[in-house]
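Have a look at entry_36.csv; it's CSV, C-alpha atoms and all ligand atoms:
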chain,number,residue,atom,x,y,z
A,1,MET,CA,-4.9,-162.6,-32.4
A,2,LEU,CA,-3.0,-163.8,-29.3
A,3,LYS,CA,-0.5,-160.9,-29.8
A,4,ARG,CA,-3.3,-158.4,-30.0
A,5,THR,CA,-5.0,-159.8,-26.9
A,6,LEU,CA,-1.7,-159.6,-25.0
A,7,PHE,CA,-1.1,-156.1,-26.2
A,8,LEU,CA,-4.5,-155.0,-25.1
A,9,ALA,CA,-4.1,-156.7,-21.7
A,10,LEU,CA,-0.8,-154.9,-21.2
A,11,PHE,CA,-2.3,-151.6,-22.2
A,12,PHE,CA,-5.1,-152.1,-19.7
A,13,VAL,CA,-2.8,-152.9,-16.8
A,14,ALA,CA,-0.5,-150.0,-17.7
A,15,GLY,CA,-3.6,-147.7,-17.7
A,16,LEU,CA,-4.7,-149.0,-14.3
A,17,LEU,CA,-1.2,-148.4,-12.9
A,18,THR,CA,-1.1,-144.9,-14.3
A,19,VAL,CA,-4.4,-144.0,-12.6
A,20,ASN,CA,-3.2,-145.5,-9.3
A,21,ALA,CA,0.1,-143.7,-9.6
A,22,GLN,CA,-1.6,-140.4,-9.9
A,23,LYS,CA,-1.8,-138.0,-7.0
A,24,TYR,CA,-5.0,-137.3,-5.1
A,25,THR,CA,-5.9,-135.1,-2.2
A,26,ILE,CA,-9.1,-134.6,-0.2
A,27,VAL,CA,-9.7,-131.8,2.4
A,28,ILE,CA,-12.9,-131.4,4.4
A,29,HIS,CA,-14.3,-129.0,6.9
A,30,GLY,CA,-17.2,-129.2,9.3
A,31,GLY,CA,-17.5,-125.6,10.2
A,32,ALA,CA,-15.4,-122.9,12.0
A,33,GLY,CA,-16.4,-121.0,15.1
A,34,VAL,CA,-15.9,-120.4,18.8
A,35,MET,CA,-14.8,-123.7,20.2
A,36,SER,CA,-13.0,-124.4,23.5
A,37,LYS,CA,-11.6,-127.6,24.9
A,38,ASP,CA,-13.4,-127.0,28.2
A,39,LYS,CA,-16.8,-126.8,26.5
A,40,MET,CA,-16.4,-129.8,24.3
A,41,ASP,CA,-16.0,-133.0,26.3
A,42,GLU,CA,-13.9,-136.0,25.2
A,43,GLU,CA,-16.9,-137.9,23.9
A,44,ALA,CA,-18.1,-135.0,21.7
A,45,ARG,CA,-14.6,-134.5,20.3
A,46,ALA,CA,-14.3,-138.2,19.6
A,47,ASN,CA,-17.7,-138.2,17.8
A,48,TYR,CA,-16.8,-135.3,15.6
A,49,LYS,CA,-13.4,-136.8,14.7
A,50,ALA,CA,-15.0,-140.2,14.0
A,51,LYS,CA,-17.5,-138.6,11.5
A,52,LEU,CA,-14.8,-136.6,9.9
A,53,ASN,CA,-12.7,-139.7,9.5
A,54,GLU,CA,-15.6,-141.7,8.0
A,55,ALA,CA,-16.1,-138.9,5.4
A,56,LEU,CA,-12.4,-138.7,4.6
A,57,GLU,CA,-11.9,-142.4,4.3
A,58,LEU,CA,-14.9,-142.8,2.0
A,59,GLY,CA,-13.5,-140.1,-0.2
A,60,GLU,CA,-10.1,-141.6,-0.2
A,61,GLN,CA,-11.4,-145.0,-1.2
A,62,MET,CA,-13.4,-143.4,-4.1
A,63,LEU,CA,-10.3,-141.5,-5.2
A,64,MET,CA,-8.1,-144.7,-5.1
A,65,ASP,CA,-10.8,-146.3,-7.3
A,66,GLY,CA,-10.4,-143.5,-9.9
A,67,ALA,CA,-13.6,-141.6,-9.1
A,68,ALA,CA,-14.1,-138.1,-10.5
A,69,ALA,CA,-13.6,-135.2,-8.0
A,70,THR,CA,-17.3,-134.2,-8.4
A,71,ASP,CA,-18.6,-137.6,-7.3
A,72,VAL,CA,-16.3,-137.6,-4.3
A,73,VAL,CA,-17.3,-134.1,-3.2
A,74,VAL,CA,-21.0,-135.0,-3.3
A,75,LYS,CA,-20.7,-138.4,-1.5
A,76,VAL,CA,-18.3,-137.0,1.2
A,77,ILE,CA,-20.6,-134.1,1.9
A,78,ASN,CA,-23.5,-136.5,2.1
A,79,VAL,CA,-21.9,-138.3,5.0
A,80,MET,CA,-21.8,-135.0,6.9
A,81,GLU,CA,-25.2,-133.8,5.7
A,82,ASN,CA,-26.7,-137.0,7.1
A,83,SER,CA,-25.2,-136.6,10.5
A,84,PRO,CA,-26.9,-134.4,13.2
A,85,LEU,CA,-23.5,-133.1,14.2
A,86,PHE,CA,-23.0,-130.6,11.5
A,87,ASN,CA,-24.9,-127.5,10.4
A,88,ALA,CA,-25.9,-129.0,7.0
A,89,GLY,CA,-28.7,-131.3,6.0
A,90,LYS,CA,-30.0,-133.2,9.1
A,91,GLY,CA,-28.3,-130.9,11.7
A,92,ALA,CA,-29.1,-127.6,10.1
A,93,VAL,CA,-29.6,-124.6,12.3
A,94,PHE,CA,-33.0,-122.9,12.8
A,95,THR,CA,-34.2,-119.6,11.3
A,96,HIS,CA,-35.8,-116.9,13.4
A,97,ASP,CA,-39.2,-118.4,12.5
A,98,GLY,CA,-38.2,-121.8,13.8
A,99,ILE,CA,-37.7,-123.7,10.6
A,100,ASN,CA,-34.7,-124.9,8.6
A,101,GLU,CA,-33.6,-123.4,5.3
A,102,LEU,CA,-30.6,-124.9,3.5
A,103,ASP,CA,-28.0,-123.6,1.0
A,104,ALA,CA,-25.4,-125.5,-1.0
A,105,SER,CA,-23.2,-125.2,-4.0
A,106,ILE,CA,-20.6,-127.1,-6.1
A,107,MET,CA,-18.1,-126.1,-8.8
A,108,GLU,CA,-15.9,-128.0,-11.1
A,109,GLY,CA,-12.4,-126.7,-11.8
A,110,LYS,CA,-12.0,-128.2,-15.3
A,111,THR,CA,-15.1,-126.7,-16.9
A,112,LEU,CA,-16.0,-123.9,-14.5
A,113,ASN,CA,-19.5,-125.4,-14.4
A,114,ALA,CA,-21.3,-124.7,-11.2
A,115,GLY,CA,-24.6,-125.3,-9.5
A,116,ALA,CA,-26.3,-124.0,-6.3
A,117,ILE,CA,-29.5,-124.0,-4.4
A,118,ALA,CA,-30.6,-121.5,-1.7
A,119,GLY,CA,-33.2,-121.3,1.0
A,120,VAL,CA,-34.7,-124.8,0.5
A,121,GLN,CA,-36.8,-126.4,3.2
A,122,ASP,CA,-37.3,-129.9,2.1
A,123,ILE,CA,-34.4,-131.3,0.2
A,124,LYS,CA,-32.7,-134.0,2.3
A,125,ASN,CA,-29.3,-133.6,0.6
A,126,PRO,CA,-28.8,-130.0,-0.7
A,127,ILE,CA,-25.4,-130.8,-2.3
A,128,ASN,CA,-27.1,-133.3,-4.6
A,129,ALA,CA,-29.6,-130.6,-5.7
A,130,ALA,CA,-26.7,-128.2,-6.4
A,131,ARG,CA,-25.1,-130.9,-8.5
A,132,GLU,CA,-28.4,-131.5,-10.4
A,133,VAL,CA,-28.6,-127.7,-11.1
A,134,MET,CA,-25.1,-127.9,-12.5
A,135,ASP,CA,-25.6,-131.0,-14.6
A,136,ASN,CA,-29.2,-130.8,-15.7
A,137,SER,CA,-30.3,-127.2,-15.9
A,138,GLU,CA,-29.3,-124.2,-17.8
A,139,HIS,CA,-29.0,-122.2,-14.6
A,140,VAL,CA,-26.4,-121.8,-11.8
A,141,MET,CA,-28.6,-121.0,-8.8
A,142,LEU,CA,-32.2,-122.0,-7.9
A,143,SER,CA,-33.9,-120.9,-4.8
A,144,GLY,CA,-36.8,-121.8,-2.5
A,145,LYS,CA,-39.9,-123.6,-3.9
A,146,GLY,CA,-38.6,-123.6,-7.4
A,147,ALA,CA,-35.4,-125.4,-6.3
A,148,SER,CA,-37.5,-128.0,-4.5
A,149,GLU,CA,-39.8,-128.5,-7.5
A,150,PHE,CA,-36.7,-129.0,-9.7
A,151,ALA,CA,-35.1,-131.4,-7.2
A,152,LYS,CA,-38.3,-133.4,-7.0
A,153,LYS,CA,-38.3,-133.7,-10.8
A,154,GLN,CA,-34.7,-134.9,-10.7
A,155,GLY,CA,-35.8,-137.7,-8.4
A,156,LEU,CA,-34.0,-136.4,-5.3
A,157,GLU,CA,-35.2,-137.3,-1.8
A,158,ILE,CA,-37.7,-134.8,-0.4
A,159,VAL,CA,-38.4,-134.7,3.4
A,160,PRO,CA,-40.8,-132.8,5.6
A,161,ASN,CA,-39.1,-129.8,7.2
A,162,LYS,CA,-39.3,-131.5,10.6
A,163,TYR,CA,-36.7,-134.0,9.4
A,164,PHE,CA,-34.2,-131.3,10.2
A,165,TYR,CA,-35.3,-130.9,13.8
A,166,THR,CA,-32.5,-131.6,16.3
A,167,GLU,CA,-32.9,-130.7,19.9
A,168,HIS,CA,-29.5,-129.0,20.3
A,169,ARG,CA,-30.1,-126.7,17.3
A,170,TYR,CA,-33.6,-125.8,18.5
A,171,GLN,CA,-32.3,-124.9,22.0
A,172,SER,CA,-29.6,-122.8,20.5
A,173,LEU,CA,-32.3,-120.8,18.7
A,174,GLN,CA,-34.2,-120.4,21.9
A,175,SER,CA,-31.3,-119.1,23.8
A,176,LEU,CA,-30.5,-116.6,21.0
A,177,LEU,CA,-34.1,-115.5,20.9
A,178,LYS,CA,-33.9,-114.8,24.6
A,179,ARG,CA,-31.0,-112.4,24.2
A,180,GLU,CA,-31.9,-111.3,20.7
A,181,ARG,CA,-30.1,-108.3,19.3
A,182,GLU,CA,-30.8,-106.6,16.0
A,183,ARG,CA,-28.0,-108.3,14.1
A,184,THR,CA,-28.1,-112.0,13.1
A,185,GLN,CA,-26.1,-113.9,15.6
A,186,LYS,CA,-22.9,-115.9,14.9
A,187,ASP,CA,-23.9,-119.2,16.5
A,188,ASN,CA,-23.7,-121.4,13.4
A,189,THR,CA,-20.8,-123.7,13.7
A,190,GLY,CA,-21.0,-126.8,11.5
A,191,THR,CA,-21.2,-125.9,7.9
A,192,VAL,CA,-19.6,-128.6,5.8
A,193,GLY,CA,-17.3,-128.5,2.8
A,194,CYS,CA,-15.1,-130.6,0.7
A,195,VAL,CA,-12.4,-129.9,-1.9
A,196,VAL,CA,-10.7,-132.6,-4.0
A,197,LEU,CA,-7.9,-133.1,-6.5
A,198,ASP,CA,-8.7,-136.4,-8.3
A,199,THR,CA,-6.4,-138.8,-10.0
A,200,HIS,CA,-7.3,-137.3,-13.4
A,201,GLY,CA,-5.9,-133.9,-12.3
A,202,ASN,CA,-9.3,-132.3,-11.8
A,203,LEU,CA,-10.4,-130.1,-8.9
A,204,CYS,CA,-13.9,-129.7,-7.4
A,205,ALA,CA,-15.3,-127.8,-4.4
A,206,GLY,CA,-18.6,-128.1,-2.6
A,207,THR,CA,-20.2,-126.5,0.4
A,208,SER,CA,-23.5,-127.2,2.3
A,209,THR,CA,-25.0,-125.4,5.2
A,210,GLY,CA,-28.1,-124.5,7.2
A,211,GLY,CA,-26.8,-120.9,7.3
A,212,MET,CA,-26.9,-119.0,10.6
A,213,THR,CA,-29.1,-119.5,13.6
A,214,ASN,CA,-31.8,-116.9,13.9
A,215,LYS,CA,-31.5,-115.8,10.3
A,216,LYS,CA,-34.5,-113.7,9.0
A,217,TYR,CA,-36.3,-112.5,5.9
A,218,GLY,CA,-35.0,-115.3,3.6
A,219,ARG,CA,-31.4,-114.4,4.4
A,220,ILE,CA,-28.9,-116.2,2.1
A,221,GLY,CA,-25.3,-116.6,3.1
A,222,ASP,CA,-22.1,-117.2,1.1
A,223,ALA,CA,-22.3,-121.0,0.9
A,224,PRO,CA,-24.5,-121.1,-2.3
A,225,ILE,CA,-22.8,-118.1,-3.9
A,226,ILE,CA,-20.1,-119.2,-6.4
A,227,GLY,CA,-17.0,-117.0,-5.8
A,228,ALA,CA,-18.0,-116.3,-2.2
A,229,GLY,CA,-18.3,-119.6,-0.3
A,230,THR,CA,-17.3,-122.0,-3.1
A,231,TYR,CA,-14.9,-121.8,-6.1
A,232,ALA,CA,-12.9,-124.2,-8.3
A,233,ASN,CA,-10.6,-123.7,-11.2
A,234,ASN,CA,-8.0,-126.3,-12.5
A,235,LYS,CA,-5.6,-123.4,-13.2
A,236,THR,CA,-5.5,-122.5,-9.5
A,237,CYS,CA,-7.4,-124.2,-6.7
A,238,ALA,CA,-10.6,-125.5,-5.2
A,239,VAL,CA,-12.0,-123.6,-2.2
A,240,SER,CA,-14.8,-124.1,0.4
A,241,CYS,CA,-15.5,-121.6,3.1
A,242,THR,CA,-17.2,-121.5,6.5
A,243,GLY,CA,-17.9,-118.5,8.7
A,244,HIS,CA,-20.0,-115.3,8.9
A,245,GLY,CA,-21.3,-115.4,5.3
A,246,GLU,CA,-22.0,-111.7,4.9
A,247,TYR,CA,-18.2,-111.0,5.1
A,248,TYR,CA,-17.4,-113.7,2.6
A,249,ILE,CA,-19.9,-112.3,0.2
A,250,ARG,CA,-18.5,-108.8,0.5
A,251,LEU,CA,-14.9,-110.1,0.0
A,252,GLY,CA,-15.7,-112.4,-2.9
A,253,PHE,CA,-13.7,-114.6,-0.7
A,254,ALA,CA,-13.2,-117.9,-2.6
A,255,ARG,CA,-12.7,-116.3,-6.0
A,256,ASP,CA,-10.3,-113.8,-4.5
A,257,ILE,CA,-8.0,-116.7,-3.3
A,258,SER,CA,-8.0,-118.1,-6.8
A,259,ALA,CA,-7.3,-114.6,-8.3
A,260,MET,CA,-4.3,-114.1,-6.0
A,261,MET,CA,-2.9,-117.4,-7.1
A,262,GLU,CA,-3.5,-116.6,-10.8
A,263,TYR,CA,-2.4,-113.0,-10.9
A,264,GLN,CA,0.1,-112.7,-8.1
A,265,ASN,CA,1.5,-116.2,-8.2
A,266,LEU,CA,0.9,-116.8,-4.5
A,267,SER,CA,0.8,-120.3,-3.2
A,268,VAL,CA,-2.5,-121.7,-2.0
A,269,THR,CA,-1.4,-121.3,1.7
A,270,GLU,CA,-0.2,-117.7,1.1
A,271,ALA,CA,-3.5,-116.8,-0.7
A,272,CYS,CA,-5.7,-118.3,2.0
A,273,LYS,CA,-3.7,-116.6,4.8
A,274,LYS,CA,-4.0,-113.3,3.0
A,275,GLU,CA,-7.7,-113.7,2.5
A,276,ILE,CA,-8.2,-114.6,6.2
A,277,ASP,CA,-6.3,-111.4,7.1
A,278,LYS,CA,-8.7,-109.4,5.0
A,279,LEU,CA,-11.6,-111.1,6.8
A,280,SER,CA,-10.0,-110.2,10.2
A,281,GLU,CA,-9.5,-106.6,9.1
A,282,LEU,CA,-13.3,-106.4,8.6
A,283,GLU,CA,-13.8,-108.1,11.9
A,284,GLY,CA,-15.4,-111.1,10.3
A,285,THR,CA,-14.8,-114.6,11.5
A,286,GLY,CA,-14.5,-118.0,9.9
A,287,GLY,CA,-12.2,-120.3,8.0
A,288,VAL,CA,-11.4,-121.8,4.6
A,289,ILE,CA,-10.1,-125.1,3.1
A,290,ALA,CA,-8.4,-125.3,-0.3
A,291,VAL,CA,-6.4,-127.6,-2.5
A,292,ASP,CA,-4.3,-126.6,-5.5
A,293,ALA,CA,-3.7,-128.4,-8.8
A,294,GLU,CA,-0.6,-130.0,-7.3
A,295,GLY,CA,-2.4,-131.3,-4.3
A,296,ASN,CA,-1.0,-128.7,-1.8
A,297,ILE,CA,-3.5,-127.8,0.8
A,298,ALA,CA,-4.5,-125.0,3.1
A,299,MET,CA,-6.8,-125.1,6.2
A,300,GLU,CA,-6.9,-121.5,7.6
A,301,PHE,CA,-9.2,-119.8,10.1
A,302,ASN,CA,-9.3,-116.9,12.6
A,303,THR,CA,-11.7,-118.6,15.1
A,304,SER,CA,-10.7,-120.8,18.0
A,305,GLY,CA,-11.5,-123.9,16.1
A,306,MET,CA,-12.5,-125.5,12.8
A,307,PHE,CA,-13.6,-129.1,12.3
A,308,ARG,CA,-11.2,-130.2,9.6
A,309,GLY,CA,-9.2,-132.9,8.0
A,310,TYR,CA,-7.3,-134.1,4.9
A,311,ILE,CA,-5.8,-137.1,3.3
A,312,LYS,CA,-3.1,-137.1,0.5
A,313,SER,CA,-2.1,-140.0,-1.7
A,314,SER,CA,1.4,-139.6,-0.1
A,315,GLY,CA,-0.1,-141.1,3.0
A,316,GLU,CA,-0.3,-137.8,5.0
A,317,LYS,CA,-3.4,-137.5,7.1
A,318,GLU,CA,-4.7,-135.2,9.8
A,319,ILE,CA,-8.0,-134.6,11.6
A,320,ALA,CA,-8.3,-131.7,14.0
A,321,ILE,CA,-10.7,-129.3,15.8
A,322,PHE,CA,-8.9,-126.6,17.7
A,323,LYS,CA,-6.2,-124.1,16.8
A,324,ASN,CA,-2.6,-125.4,17.4
A,325,GLU,CA,-3.8,-129.0,17.6
B,1,LIG,N1,-21.1,-119.4,5.9
B,1,LIG,C1,-22.4,-119.9,6.4
B,1,LIG,C2,-23.4,-118.8,6.3
B,1,LIG,O1,-23.1,-117.6,6.5
B,1,LIG,C3,-22.4,-120.3,7.9
B,1,LIG,C4,-21.1,-121.0,8.3
B,1,LIG,O2,-20.3,-121.4,7.6
B,1,LIG,O3,-21.0,-121.2,9.5
B,1,LIG,O4,-24.5,-119.1,6.0
Here is a file; write its structure as structure tokens.
Ligand code: ASP
Amino acid sequence: MLKRTLFLALFFVAGLLTVNAQKYTIVIHGGAGVMSKDKMDEEARANYKAKLNEALELGEQMLMDGAAATDVVVKVINVMENSPLFNAGKGAVFTHDGINELDASIMEGKTLNAGAIAGVQDIKNPINAAREVMDNSEHVMLSGKGASEFAKKQGLEIVPNKYFYTEHRYQSLQSLLKRERERTQKDNTGTVGCVVLDTHGNLCAGTSTGGMTNKKYGRIGDAPIIGAGTYANNKTCAVSCTGHGEYYIRLGFARDISAMMEYQNLSVTEACKKEIDKLSELEGTGGVIAVDAEGNIAMEFNTSGMFRGYIKSSGEKEIAIFKNE
């Protein structure tokens, strides 16, 4: 009996050590866009970096505790969704009609399961709704009122649309309306995303956004489209995008990165760089974060900045905003 107990105890400790010895990586973004050091004062930079750090550290703690990549992606994105700083959840941008419509998606690399919601006006944390679609429905994407109804049934927090009101996003719509042109404008910095390799060797990617300021006619961007703004496959990588969504949809951006790795044997950095080149060729703007099955990462963009950061189990860590920082 004693022998058996000892054996079980040893087995348990060995198991714990194996989990802890496993590699993990977490990468996040808080949106890419036109950013200049002159226009963002010290305090604003510090606020952004502190929030990115809070999100990364929460994710790292969960990963060290052996959490699954999917749980980490959701909780980390929640930190950014609940902050007015980012164009997701609380800080979502305004549509042409002066309301907020949110999109989000999530994908697991092990099963290729995915969930997304688009054009919702009252779900406090869109990434949680995307996850519910993945876990508890037979669909991949739900939109508008139906998505809200489903989220309510799943017990998610529903808020009035005015919860998403922030003065700076409202003013940014007003100034765009003043100089309105035919095309939807690009003032949308702040979409959030997270990609994770967990200690069990699984990848997951998630993206959440308010879309683009001044969007019209129920416009949906790349963020809730699996293969455009979000993609994950344990064979290759997990990807989350931010930028002018129309270009990302046309390029099949996130899935193309995975395909280049799978069919052309490119590294995650090479594949992301190539895809950003394709974006530039079309004169699209934006960025991407990705992690591969080994924990290698990429954070590429063709704008002047992208809120971004990563932590690896090796102890490497970085949080940055501007190019060449
Ligand atoms: N990609 C998002 C969209 O087009 C916006 C962004 O990432 O800035 O809706």
Residues within 9 Å of ligand LIG 1 (chain B), counting only C-alpha atoms and all ligand atoms, as a PyMOL selection string
chain A and resi 30-33+87+102-103+186-192+207-213+215+219-224+229+241-249+286-287
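Taking atom CA of Thr285 of chain A as the reference point, atom CA of Glu108 of chain A is found at 26.3 Å.
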Quick check, in Å to one decimal: how far apart do atom CA of Leu142 of chain A and atom CA of Ala116 of chain A lie?
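Separation between atom CA of Leu142 of chain A and atom CA of Ala116 of chain A: 6.4 Å.
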Considering only C-alpha atoms, return as a ChimeraX atom specification whatever protein or nucleic-acid residues lie within 9 Å of Lys75 of chain A, sequence-local ones (same chain, fewer than 6 positions apart) excluded.
/A:55,58-59,127-128
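Atom CA of Lys273 of chain A is found 12.0 Å from atom CA of Met261 of chain A.
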Shell around segment 34-42 of chain A at 6 Å using all atoms listed in the file, local window under 6 positions removed, as a PyMOL selection string
chain A and resi 303-305
Within 12 Å of Ala46 of chain A using all atoms listed in the file, minus same-chain residues under 5 positions, as an MDAnalysis selection string:
chainID A and resid 40:41 51:53 85 307 319:321
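With only C-alpha atoms as the atoms that count, the minimum distance from Tyr165 of chain A to the choices A:Ala69, A:Val27, A:Val268, A:Ala88 is reached by A:Ala88.
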Radius query 8 Å about (-32.7, -119.3, -2.9), atoms used: all atoms listed in the file, as a PyMOL selection string:
chain A and resi 103+117-120+141-144+147+218+220
Which residues are close to Asn161 of chain A, i.e. within 6 Å by all atoms listed in the file, leaving aside same-chain residues fewer than 3 positions away? Reply as a list in words.
Gln121, Asp122 and Phe164 of chain A
What would the file look like if the residues just selected were written as a PDB file, in the frame of the given file with C-alpha atoms?
ATOM      1  CA  GLN A 121     -36.800-126.400   3.200  1.00  0.00           C
ATOM      2  CA  ASP A 122     -37.300-129.900   2.100  1.00  0.00           C
ATOM      3  CA  PHE A 164     -34.200-131.300  10.200  1.00  0.00           C
TER       4      PHE A 164
END
Which residue, A:Ala232, A:Met306, A:Ile311, A:Gln154, has the smallest gap to Arg45 of chain A when you use all atoms listed in the file?
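Among the listed residues, the smallest separation from Arg45 of chain A belongs to A:Met306.
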